[in-house]
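**Q** Contents of upload.txt (compact mmCIF, C-alpha atoms and all ligand atoms) are below:
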# COMPACT_ATOMS: atom_id res chain seq x y z
CA MET A 1 -12.33 -72.58 -4.36
CA LYS A 2 -10.68 -71.05 -1.27
CA LYS A 3 -7.73 -69.91 -3.39
CA THR A 4 -10.02 -68.06 -5.79
CA VAL A 5 -11.66 -66.23 -2.91
CA LYS A 6 -8.23 -65.23 -1.59
CA ILE A 7 -7.10 -63.94 -4.99
CA LEU A 8 -10.38 -62.11 -5.46
CA SER A 9 -10.09 -60.33 -2.12
CA VAL A 10 -6.49 -59.34 -2.87
CA VAL A 11 -7.61 -57.90 -6.21
CA LEU A 12 -10.49 -56.08 -4.51
CA ALA A 13 -8.16 -54.63 -1.89
CA LEU A 14 -5.79 -53.47 -4.62
CA ILE A 15 -8.62 -51.76 -6.49
CA LEU A 16 -9.66 -50.00 -3.31
CA VAL A 17 -6.13 -48.80 -2.59
CA ILE A 18 -5.57 -47.58 -6.17
CA GLY A 19 -8.99 -45.90 -6.16
CA CYS A 20 -8.17 -44.08 -2.96
CA PHE A 21 -4.83 -42.86 -4.31
CA ALA A 22 -6.52 -41.55 -7.43
CA ALA A 23 -9.15 -39.72 -5.38
CA CYS A 24 -6.57 -38.22 -3.02
CA GLY A 25 -4.51 -37.09 -6.00
CA LYS A 26 -7.52 -35.30 -7.43
CA LYS A 27 -8.15 -33.54 -4.16
CA GLU A 28 -4.54 -32.31 -4.12
CA GLU A 29 -4.93 -31.03 -7.68
CA LYS A 30 -8.08 -29.12 -6.79
CA LYS A 31 -6.28 -27.40 -3.95
CA THR A 32 -3.46 -26.09 -6.13
CA GLU A 33 -5.99 -24.94 -8.73
CA GLU A 34 -7.49 -22.50 -6.20
CA LYS A 35 -6.07 -19.01 -6.63
CA LYS A 36 -3.50 -17.96 -4.07
CA THR A 37 -4.25 -14.70 -2.33
CA LEU A 38 -2.02 -11.66 -2.51
CA VAL A 39 -2.57 -9.74 0.70
CA MET A 40 -1.91 -6.03 0.37
CA ALA A 41 -1.79 -3.82 3.44
CA THR A 42 -2.76 -0.19 2.97
CA ASN A 43 -4.17 2.77 4.86
CA ALA A 44 -7.29 3.83 2.99
CA GLU A 45 -7.13 7.47 4.08
CA PHE A 46 -4.98 8.67 1.26
CA PRO A 47 -7.02 9.83 -1.73
CA PRO A 48 -6.70 9.29 -4.64
CA TYR A 49 -4.21 6.45 -3.98
CA GLU A 50 -6.51 4.64 -1.53
CA TYR A 51 -9.81 5.56 0.02
CA HIS A 52 -13.17 4.05 0.85
CA GLU A 53 -16.05 3.85 -1.55
CA GLY A 54 -18.73 2.13 0.49
CA ASP A 55 -17.15 -1.02 1.86
CA ALA A 56 -14.53 -1.21 -0.88
CA VAL A 57 -11.04 0.25 -0.87
CA VAL A 58 -10.51 1.96 -4.22
CA GLY A 59 -7.91 4.22 -5.80
CA ILE A 60 -4.70 4.18 -7.81
CA ASP A 61 -2.90 1.64 -5.60
CA ALA A 62 -5.89 -0.70 -5.41
CA GLU A 63 -6.23 -0.70 -9.21
CA ILE A 64 -2.53 -1.24 -9.91
CA ALA A 65 -2.43 -4.03 -7.31
CA LYS A 66 -5.42 -5.71 -8.94
CA LEU A 67 -3.67 -5.73 -12.32
CA ILE A 68 -0.52 -7.15 -10.70
CA ALA A 69 -2.53 -9.90 -8.97
CA ASP A 70 -4.28 -10.72 -12.27
CA LYS A 71 -0.93 -11.05 -14.02
CA LEU A 72 0.30 -13.40 -11.29
CA GLY A 73 -2.96 -15.40 -11.34
CA MET A 74 -3.58 -14.44 -7.71
CA GLU A 75 -6.60 -13.12 -5.81
CA LEU A 76 -6.04 -9.64 -4.37
CA LYS A 77 -7.09 -9.06 -0.77
CA ILE A 78 -6.77 -5.56 0.66
CA GLU A 79 -6.31 -5.01 4.41
CA ASP A 80 -6.96 -1.46 5.63
CA VAL A 81 -4.69 -0.79 8.62
CA ALA A 82 -2.96 2.15 10.34
CA PHE A 83 -0.14 3.54 8.19
CA ASP A 84 2.50 2.86 10.84
CA SER A 85 1.52 -0.80 11.17
CA ILE A 86 2.01 -1.57 7.46
CA ILE A 87 5.79 -2.09 7.58
CA PRO A 88 5.80 -4.09 10.86
CA GLY A 89 2.96 -6.27 9.49
CA VAL A 90 4.81 -6.88 6.23
CA GLN A 91 8.00 -7.70 8.15
CA ALA A 92 6.09 -10.20 10.28
CA GLY A 93 4.60 -11.89 7.21
CA LYS A 94 1.06 -10.87 8.18
CA TYR A 95 0.70 -9.14 4.79
CA ASP A 96 2.44 -10.08 1.53
CA MET A 97 3.11 -6.48 0.59
CA GLY A 98 2.45 -2.90 1.57
CA MET A 99 1.12 -0.40 -0.97
CA ALA A 100 0.02 2.94 0.41
CA GLY A 101 1.51 5.80 -1.56
CA MET A 102 4.56 4.75 0.40
CA THR A 103 7.75 6.69 -0.12
CA VAL A 104 11.05 4.86 -0.50
CA ASN A 105 13.57 6.16 2.05
CA GLU A 106 16.79 5.03 3.71
CA GLU A 107 15.17 4.33 7.06
CA ARG A 108 12.50 2.05 5.56
CA LEU A 109 15.07 0.28 3.37
CA GLN A 110 16.63 -1.00 6.61
CA SER A 111 13.39 -2.88 7.38
CA VAL A 112 11.83 -3.80 4.02
CA ASN A 113 12.60 -4.14 0.32
CA PHE A 114 10.89 -1.97 -2.27
CA SER A 115 9.67 -2.61 -5.81
CA ALA A 116 10.48 -0.28 -8.67
CA SER A 117 8.82 3.10 -8.21
CA TYR A 118 5.44 3.53 -9.91
CA ALA A 119 4.63 7.16 -9.04
CA THR A 120 6.12 10.42 -7.81
CA GLY A 121 4.94 12.07 -4.64
CA VAL A 122 5.57 15.62 -3.48
CA GLN A 123 5.44 16.77 0.12
CA VAL A 124 3.60 20.08 0.30
CA VAL A 125 2.48 22.45 3.02
CA ILE A 126 -1.20 23.23 3.61
CA VAL A 127 -1.91 26.52 5.38
CA LYS A 128 -4.87 28.76 6.14
CA GLU A 129 -5.50 31.40 3.53
CA GLY A 130 -4.29 34.71 4.94
CA GLY A 131 -2.66 32.92 7.90
CA SER A 132 0.77 33.45 9.43
CA ILE A 133 2.61 31.15 7.00
CA ALA A 134 3.11 32.56 3.50
CA SER A 135 6.23 30.59 2.51
CA LEU A 136 8.49 27.75 3.71
CA ASP A 137 10.61 30.35 5.57
CA ASP A 138 7.74 31.08 7.95
CA ILE A 139 7.37 27.51 9.23
CA ALA A 140 10.19 27.55 11.82
CA GLY A 141 8.78 27.78 15.32
CA LYS A 142 5.20 27.15 14.19
CA LYS A 143 3.10 24.08 15.00
CA ILE A 144 3.18 21.55 12.19
CA GLY A 145 0.53 18.85 11.81
CA VAL A 146 1.50 15.52 10.22
CA GLN A 147 0.28 11.96 9.91
CA THR A 148 2.30 9.73 12.25
CA SER A 149 5.30 7.96 10.71
CA THR A 150 4.85 9.43 7.25
CA THR A 151 7.73 11.12 5.50
CA GLY A 152 6.04 14.45 6.28
CA ASP A 153 6.43 13.54 9.96
CA ILE A 154 10.05 12.44 9.51
CA TYR A 155 11.17 15.55 7.56
CA ALA A 156 9.27 18.01 9.75
CA SER A 157 10.76 16.50 12.91
CA ASP A 158 14.27 16.63 11.39
CA ASP A 159 13.97 20.16 10.02
CA PHE A 160 11.88 21.92 12.66
CA GLY A 161 12.28 19.85 15.84
CA ASP A 162 10.06 17.17 17.37
CA GLU A 163 8.58 19.67 19.80
CA ASN A 164 6.97 21.58 16.92
CA VAL A 165 5.43 18.55 15.27
CA VAL A 166 1.95 17.36 16.21
CA LYS A 167 1.18 13.81 15.07
CA PHE A 168 -2.25 12.59 13.98
CA ASP A 169 -3.66 9.18 12.96
CA SER A 170 -4.70 10.46 9.55
CA GLY A 171 -4.11 13.36 7.21
CA ALA A 172 -7.78 14.24 7.61
CA ALA A 173 -7.34 14.65 11.38
CA ALA A 174 -4.29 16.89 10.83
CA VAL A 175 -6.33 19.06 8.45
CA GLU A 176 -9.15 19.32 11.02
CA ALA A 177 -6.55 20.55 13.54
CA LEU A 178 -5.38 23.17 11.05
CA LYS A 179 -8.94 24.37 10.56
CA SER A 180 -9.52 24.70 14.29
CA GLY A 181 -6.18 26.45 14.83
CA LYS A 182 -4.50 23.67 16.84
CA VAL A 183 -1.67 23.61 14.26
CA ASP A 184 -0.44 26.30 11.85
CA CYS A 185 0.21 24.09 8.85
CA VAL A 186 0.09 20.48 7.66
CA ILE A 187 2.91 18.77 5.78
CA ILE A 188 1.52 16.00 3.61
CA ASP A 189 1.66 14.44 0.12
CA ASN A 190 0.35 16.67 -2.68
CA GLU A 191 -2.51 14.53 -3.98
CA PRO A 192 -4.32 14.07 -0.66
CA ALA A 193 -3.47 17.73 0.04
CA LYS A 194 -5.33 18.77 -3.11
CA SER A 195 -8.42 16.82 -2.11
CA TYR A 196 -8.40 18.24 1.45
CA VAL A 197 -8.06 21.79 0.13
CA ALA A 198 -10.85 21.20 -2.38
CA ALA A 199 -13.12 19.86 0.37
CA ASN A 200 -12.38 22.59 2.94
CA GLU A 201 -12.80 26.29 2.33
CA GLY A 202 -10.11 28.73 3.47
CA LEU A 203 -7.14 26.42 2.98
CA LYS A 204 -4.38 26.55 0.37
CA ILE A 205 -1.18 24.77 -0.59
CA LEU A 206 2.10 26.73 -0.52
CA GLU A 207 3.58 27.11 -3.96
CA THR A 208 7.06 25.89 -3.05
CA GLU A 209 7.29 22.12 -2.85
CA TYR A 210 8.79 20.78 0.35
CA ALA A 211 10.23 17.47 -0.95
CA VAL A 212 9.93 15.23 -4.02
CA GLU A 213 9.86 11.46 -3.53
CA ASP A 214 9.17 8.06 -5.12
CA TYR A 215 6.30 5.73 -4.25
CA ALA A 216 6.88 1.97 -4.32
CA ILE A 217 5.52 -1.32 -2.94
CA CYS A 218 7.25 -2.84 0.11
CA PHE A 219 7.99 -6.49 0.91
CA ALA A 220 9.55 -8.45 3.77
CA LYS A 221 13.33 -8.69 3.37
CA ASP A 222 13.17 -12.48 3.16
CA ASN A 223 10.39 -12.57 0.56
CA THR A 224 12.53 -11.79 -2.47
CA GLU A 225 10.64 -14.34 -4.57
CA LEU A 226 7.36 -12.41 -4.35
CA LYS A 227 9.16 -9.10 -4.73
CA GLU A 228 10.72 -10.28 -8.00
CA LYS A 229 7.40 -11.59 -9.33
CA VAL A 230 5.48 -8.43 -8.43
CA ASN A 231 8.27 -6.25 -9.74
CA ALA A 232 8.27 -8.03 -13.11
CA ALA A 233 4.48 -7.61 -13.39
CA LEU A 234 4.68 -3.97 -12.30
CA LYS A 235 7.40 -3.19 -14.84
CA GLU A 236 5.26 -4.68 -17.62
CA LEU A 237 2.31 -2.57 -16.48
CA ILE A 238 4.49 0.54 -16.46
CA ALA A 239 5.94 -0.27 -19.90
CA ASP A 240 2.57 -0.87 -21.57
CA GLY A 241 1.09 2.33 -20.15
CA SER A 242 -1.46 0.67 -17.82
CA VAL A 243 -0.07 2.36 -14.70
CA GLN A 244 -0.11 5.81 -16.30
CA LYS A 245 -3.66 5.21 -17.48
CA ILE A 246 -4.78 4.49 -13.91
CA ILE A 247 -2.92 7.53 -12.56
CA ASP A 248 -4.47 9.76 -15.25
CA LYS A 249 -7.92 8.42 -14.41
CA TYR A 250 -7.62 9.68 -10.81
CA ILE A 251 -5.34 12.70 -11.21
CA ASN A 252 -6.20 15.43 -13.68
CA ALA A 253 -2.91 16.67 -15.01
N1 LIG B 1 4.23 9.17 1.14
C1 LIG B 1 4.13 9.29 2.56
C2 LIG B 1 4.95 8.24 3.23
O1 LIG B 1 5.30 7.27 2.62
C3 LIG B 1 2.68 9.22 3.07
C4 LIG B 1 1.99 7.94 2.77
C5 LIG B 1 0.62 7.81 3.41
O2 LIG B 1 0.22 8.57 4.28
N2 LIG B 1 -0.12 6.83 3.00
O3 LIG B 1 5.31 8.35 4.36
Output the structure of this file as structure tokens.
**A**
Amino acid sequence: MKKTVKILSVVLALILVIGCFAACGKKEEKKTEEKKTLVMATNAEFPPYEYHEGDAVVGIDAEIAKLIADKLGMELKIEDVAFDSIIPGVQAGKYDMGMAGMTVNEERLQSVNFSASYATGVQVVIVKEGGSIASLDDIAGKKIGVQTSTTGDIYASDDFGDENVVKFDSGAAAVEALKSGKVDCVIIDNEPAKSYVAANEGLKILETEYAVEDYAICFAKDNTELKEKVNAALKELIADGSVQKIIDKYINA
């Protein structure tokens, strides 16, 4: 009789242990089923690539990123931060990638890796209609407004001297300074330039382009795995026309 009890309790214990393993296994499975997030850092002050619509960040970059995340089976999360904290944040692993109408250049390639390019950007000069700047030749010695750490800032400082460059937190703030006469021109990417000129009377864009550049997505140097995955998805979206479709939706050719 005693023996039977012993055997029974051993069997019971075994069932309990096996049951627990099964349950734990299930829990583990559930966890991996949850979608991983893809955290994208941007600066939502750059229409039509990224801007606010109510609480949401919308625009070309947000839409392309969403398609990339869908392809990778990930959940896209957009963090709106200052433009000059995107690269440091990506380097530190705070964000998985940076996508902000960001130009690929030598300096940035020292700190981050870039995806394939998905769009072309052009640096242009916004001036006051009838003001003192009629062409690129008139810029020397004038006060130039830029958004801090953008390529407009970098080129203007190189070409015209740091002392002539006034840095602002956003393109919008630089344009306000132009309107109030604190600066004589603003060097900025052409698409946001167009929307600022459309929204503010008395401003125009100089005909001659200042610089042509490529936009791409940046990643931490050590995160080549994600870079490869995103790049593969992006290339598919470029090849099947999805990227162009999004660009056309926001930019009237
Ligand atoms: N294309 C510019 C740069 O990369 C500006 C980008 C931006 O202001 N979001 O510096």
**Q** Of the candidates A:Ala193, A:Ala56, A:Ile126, A:Met102, which shows the shortest atom-to-atom distance to ligand LIG 1 (chain B), using all atoms listed in the file?
**A**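 That would be A:Met102, the residue with the smallest distance to ligand LIG 1 (chain B).
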**Q** In Å, with one decimal, what is the gap from atom CA of Gly130 of chain A to atom CA of Gly161 of chain A?
**A**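 Atom-to-atom, atom CA of Gly130 of chain A and atom CA of Gly161 of chain A are spaced 24.8 Å apart.
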**Q** Could you give me, as a list in words, the residues within 7 Å of Ile86 of chain A, counting only C-alpha atoms and dropping anything in the same chain fewer than 4 positions from it?
**A**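 The residues satisfying every condition are Ala41, Thr42, Val81, Ala82, Val90 and Gly98 of chain A.
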**Q** Provide the atom CA of Ala134 of chain A to atom CA of Phe168 of chain A distance in Å, to one decimal place.
**A**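 That distance, rounded to one decimal, is 23.2 Å.
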**Q** Could you pull out the residues sitting within 8 Å of ligand LIG 1 (chain B), using all atoms listed in the file, and write them as a tab-separated table (two decimals) with C-alpha atoms, in the coordinates of the input?
**A**
chain	number	residue	atom	x	y	z
A	42	THR	CA	-2.76	-0.19	2.97
A	43	ASN	CA	-4.17	2.77	4.86
A	44	ALA	CA	-7.29	3.83	2.99
A	45	GLU	CA	-7.13	7.47	4.08
A	46	PHE	CA	-4.98	8.67	1.26
A	83	PHE	CA	-0.14	3.54	8.19
A	100	ALA	CA	0.02	2.94	0.41
A	101	GLY	CA	1.51	5.80	-1.56
A	102	MET	CA	4.56	4.75	0.40
A	103	THR	CA	7.75	6.69	-0.12
A	104	VAL	CA	11.05	4.86	-0.50
A	121	GLY	CA	4.94	12.07	-4.64
A	123	GLN	CA	5.44	16.77	0.12
A	147	GLN	CA	0.28	11.96	9.91
A	149	SER	CA	5.30	7.96	10.71
A	150	THR	CA	4.85	9.43	7.25
A	151	THR	CA	7.73	11.12	5.50
A	152	GLY	CA	6.04	14.45	6.28
A	153	ASP	CA	6.43	13.54	9.96
A	170	SER	CA	-4.70	10.46	9.55
A	171	GLY	CA	-4.11	13.36	7.21
A	188	ILE	CA	1.52	16.00	3.61
A	189	ASP	CA	1.66	14.44	0.12
A	213	GLU	CA	9.86	11.46	-3.53
A	215	TYR	CA	6.30	5.73	-4.25
**Q** When distances are computed from all atoms listed in the file, which of A:Asp184, A:Glu34, A:Glu106, A:Asp222 shows the smallest separation from Glu75 of chain A?
**A**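 Once distances to Glu75 of chain A are computed over all atoms listed in the file, the minimum belongs to A:Glu34.
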**Q** Please list, as a PyMOL selection string, the residues that have an atom at most 10 Å away from (10.7, 18.3, 8.7) in the coordinates of this file, counting all atoms listed in the file.
**A** chain A and resi 139-140+144+146+151-162+164-165+187+210-211
**Q** Write out all heavy atoms for segment 134-145 of chain A, as a PDB file, in the frame of the given file.
**A**
ATOM      1  N   ALA A 134       3.275  32.206   4.916  1.00  0.00           N
ATOM      2  CA  ALA A 134       3.110  32.560   3.500  1.00  0.00           C
ATOM      3  C   ALA A 134       4.137  31.821   2.639  1.00  0.00           C
ATOM      4  O   ALA A 134       3.956  31.685   1.424  1.00  0.00           O
ATOM      5  CB  ALA A 134       3.257  34.061   3.312  1.00  0.00           C
ATOM      6  N   SER A 135       5.227  31.343   3.263  1.00  0.00           N
ATOM      7  CA  SER A 135       6.230  30.590   2.510  1.00  0.00           C
ATOM      8  C   SER A 135       6.935  29.613   3.458  1.00  0.00           C
ATOM      9  O   SER A 135       6.730  29.666   4.683  1.00  0.00           O
ATOM     10  CB  SER A 135       7.254  31.540   1.886  1.00  0.00           C
ATOM     11  OG  SER A 135       8.204  31.907   2.869  1.00  0.00           O
ATOM     12  N   LEU A 136       7.780  28.754   2.898  1.00  0.00           N
ATOM     13  CA  LEU A 136       8.490  27.750   3.710  1.00  0.00           C
ATOM     14  C   LEU A 136       9.300  28.420   4.827  1.00  0.00           C
ATOM     15  O   LEU A 136       9.488  27.844   5.901  1.00  0.00           O
ATOM     16  CB  LEU A 136       9.411  26.904   2.834  1.00  0.00           C
ATOM     17  CG  LEU A 136       8.782  25.972   1.793  1.00  0.00           C
ATOM     18  CD1 LEU A 136       9.856  25.124   1.111  1.00  0.00           C
ATOM     19  CD2 LEU A 136       7.741  25.048   2.414  1.00  0.00           C
ATOM     20  N   ASP A 137       9.779  29.644   4.584  1.00  0.00           N
ATOM     21  CA  ASP A 137      10.610  30.350   5.570  1.00  0.00           C
ATOM     22  C   ASP A 137       9.857  30.673   6.851  1.00  0.00           C
ATOM     23  O   ASP A 137      10.471  30.920   7.892  1.00  0.00           O
ATOM     24  CB  ASP A 137      11.119  31.682   4.977  1.00  0.00           C
ATOM     25  CG  ASP A 137      11.987  31.447   3.749  1.00  0.00           C
ATOM     26  OD1 ASP A 137      12.613  30.375   3.683  1.00  0.00           O
ATOM     27  OD2 ASP A 137      12.013  32.328   2.859  1.00  0.00           O
ATOM     28  N   ASP A 138       8.533  30.696   6.771  1.00  0.00           N
ATOM     29  CA  ASP A 138       7.740  31.080   7.950  1.00  0.00           C
ATOM     30  C   ASP A 138       7.416  29.900   8.865  1.00  0.00           C
ATOM     31  O   ASP A 138       6.775  30.095   9.907  1.00  0.00           O
ATOM     32  CB  ASP A 138       6.407  31.713   7.494  1.00  0.00           C
ATOM     33  CG  ASP A 138       6.618  32.933   6.610  1.00  0.00           C
ATOM     34  OD1 ASP A 138       7.614  33.649   6.825  1.00  0.00           O
ATOM     35  OD2 ASP A 138       5.790  33.157   5.693  1.00  0.00           O
ATOM     36  N   ILE A 139       7.821  28.687   8.464  1.00  0.00           N
ATOM     37  CA  ILE A 139       7.370  27.510   9.230  1.00  0.00           C
ATOM     38  C   ILE A 139       8.104  27.355  10.570  1.00  0.00           C
ATOM     39  O   ILE A 139       7.509  26.908  11.552  1.00  0.00           O
ATOM     40  CB  ILE A 139       7.535  26.211   8.394  1.00  0.00           C
ATOM     41  CG1 ILE A 139       6.673  26.294   7.130  1.00  0.00           C
ATOM     42  CG2 ILE A 139       7.144  24.987   9.208  1.00  0.00           C
ATOM     43  CD1 ILE A 139       6.854  25.110   6.198  1.00  0.00           C
ATOM     44  N   ALA A 140       9.391  27.745  10.597  1.00  0.00           N
ATOM     45  CA  ALA A 140      10.190  27.550  11.820  1.00  0.00           C
ATOM     46  C   ALA A 140       9.481  28.128  13.032  1.00  0.00           C
ATOM     47  O   ALA A 140       8.996  29.263  12.997  1.00  0.00           O
ATOM     48  CB  ALA A 140      11.562  28.196  11.634  1.00  0.00           C
ATOM     49  N   GLY A 141       9.389  27.315  14.067  1.00  0.00           N
ATOM     50  CA  GLY A 141       8.780  27.780  15.320  1.00  0.00           C
ATOM     51  C   GLY A 141       7.255  27.645  15.351  1.00  0.00           C
ATOM     52  O   GLY A 141       6.644  27.825  16.399  1.00  0.00           O
ATOM     53  N   LYS A 142       6.664  27.326  14.226  1.00  0.00           N
ATOM     54  CA  LYS A 142       5.200  27.150  14.190  1.00  0.00           C
ATOM     55  C   LYS A 142       4.839  25.690  14.473  1.00  0.00           C
ATOM     56  O   LYS A 142       5.683  24.802  14.397  1.00  0.00           O
ATOM     57  CB  LYS A 142       4.660  27.559  12.809  1.00  0.00           C
ATOM     58  CG  LYS A 142       4.988  28.999  12.434  1.00  0.00           C
ATOM     59  CD  LYS A 142       3.901  29.953  12.886  1.00  0.00           C
ATOM     60  CE  LYS A 142       4.356  31.402  12.904  1.00  0.00           C
ATOM     61  NZ  LYS A 142       4.868  31.888  11.626  1.00  0.00           N
ATOM     62  N   LYS A 143       3.566  25.457  14.750  1.00  0.00           N
ATOM     63  CA  LYS A 143       3.100  24.080  15.000  1.00  0.00           C
ATOM     64  C   LYS A 143       2.739  23.410  13.676  1.00  0.00           C
ATOM     65  O   LYS A 143       1.936  23.926  12.900  1.00  0.00           O
ATOM     66  CB  LYS A 143       1.859  24.095  15.912  1.00  0.00           C
ATOM     67  CG  LYS A 143       2.186  24.443  17.354  1.00  0.00           C
ATOM     68  CD  LYS A 143       2.740  23.247  18.125  1.00  0.00           C
ATOM     69  CE  LYS A 143       3.270  23.625  19.502  1.00  0.00           C
ATOM     70  NZ  LYS A 143       4.755  23.531  19.613  1.00  0.00           N
ATOM     71  N   ILE A 144       3.356  22.245  13.465  1.00  0.00           N
ATOM     72  CA  ILE A 144       3.180  21.550  12.190  1.00  0.00           C
ATOM     73  C   ILE A 144       2.393  20.249  12.422  1.00  0.00           C
ATOM     74  O   ILE A 144       2.794  19.418  13.240  1.00  0.00           O
ATOM     75  CB  ILE A 144       4.562  21.178  11.595  1.00  0.00           C
ATOM     76  CG1 ILE A 144       5.439  22.441  11.490  1.00  0.00           C
ATOM     77  CG2 ILE A 144       4.409  20.491  10.245  1.00  0.00           C
ATOM     78  CD1 ILE A 144       6.919  22.118  11.379  1.00  0.00           C
ATOM     79  N   GLY A 145       1.310  20.081  11.707  1.00  0.00           N
ATOM     80  CA  GLY A 145       0.530  18.850  11.810  1.00  0.00           C
ATOM     81  C   GLY A 145       0.980  17.839  10.761  1.00  0.00           C
ATOM     82  O   GLY A 145       1.252  18.210   9.610  1.00  0.00           O
TER      83      GLY A 145
END
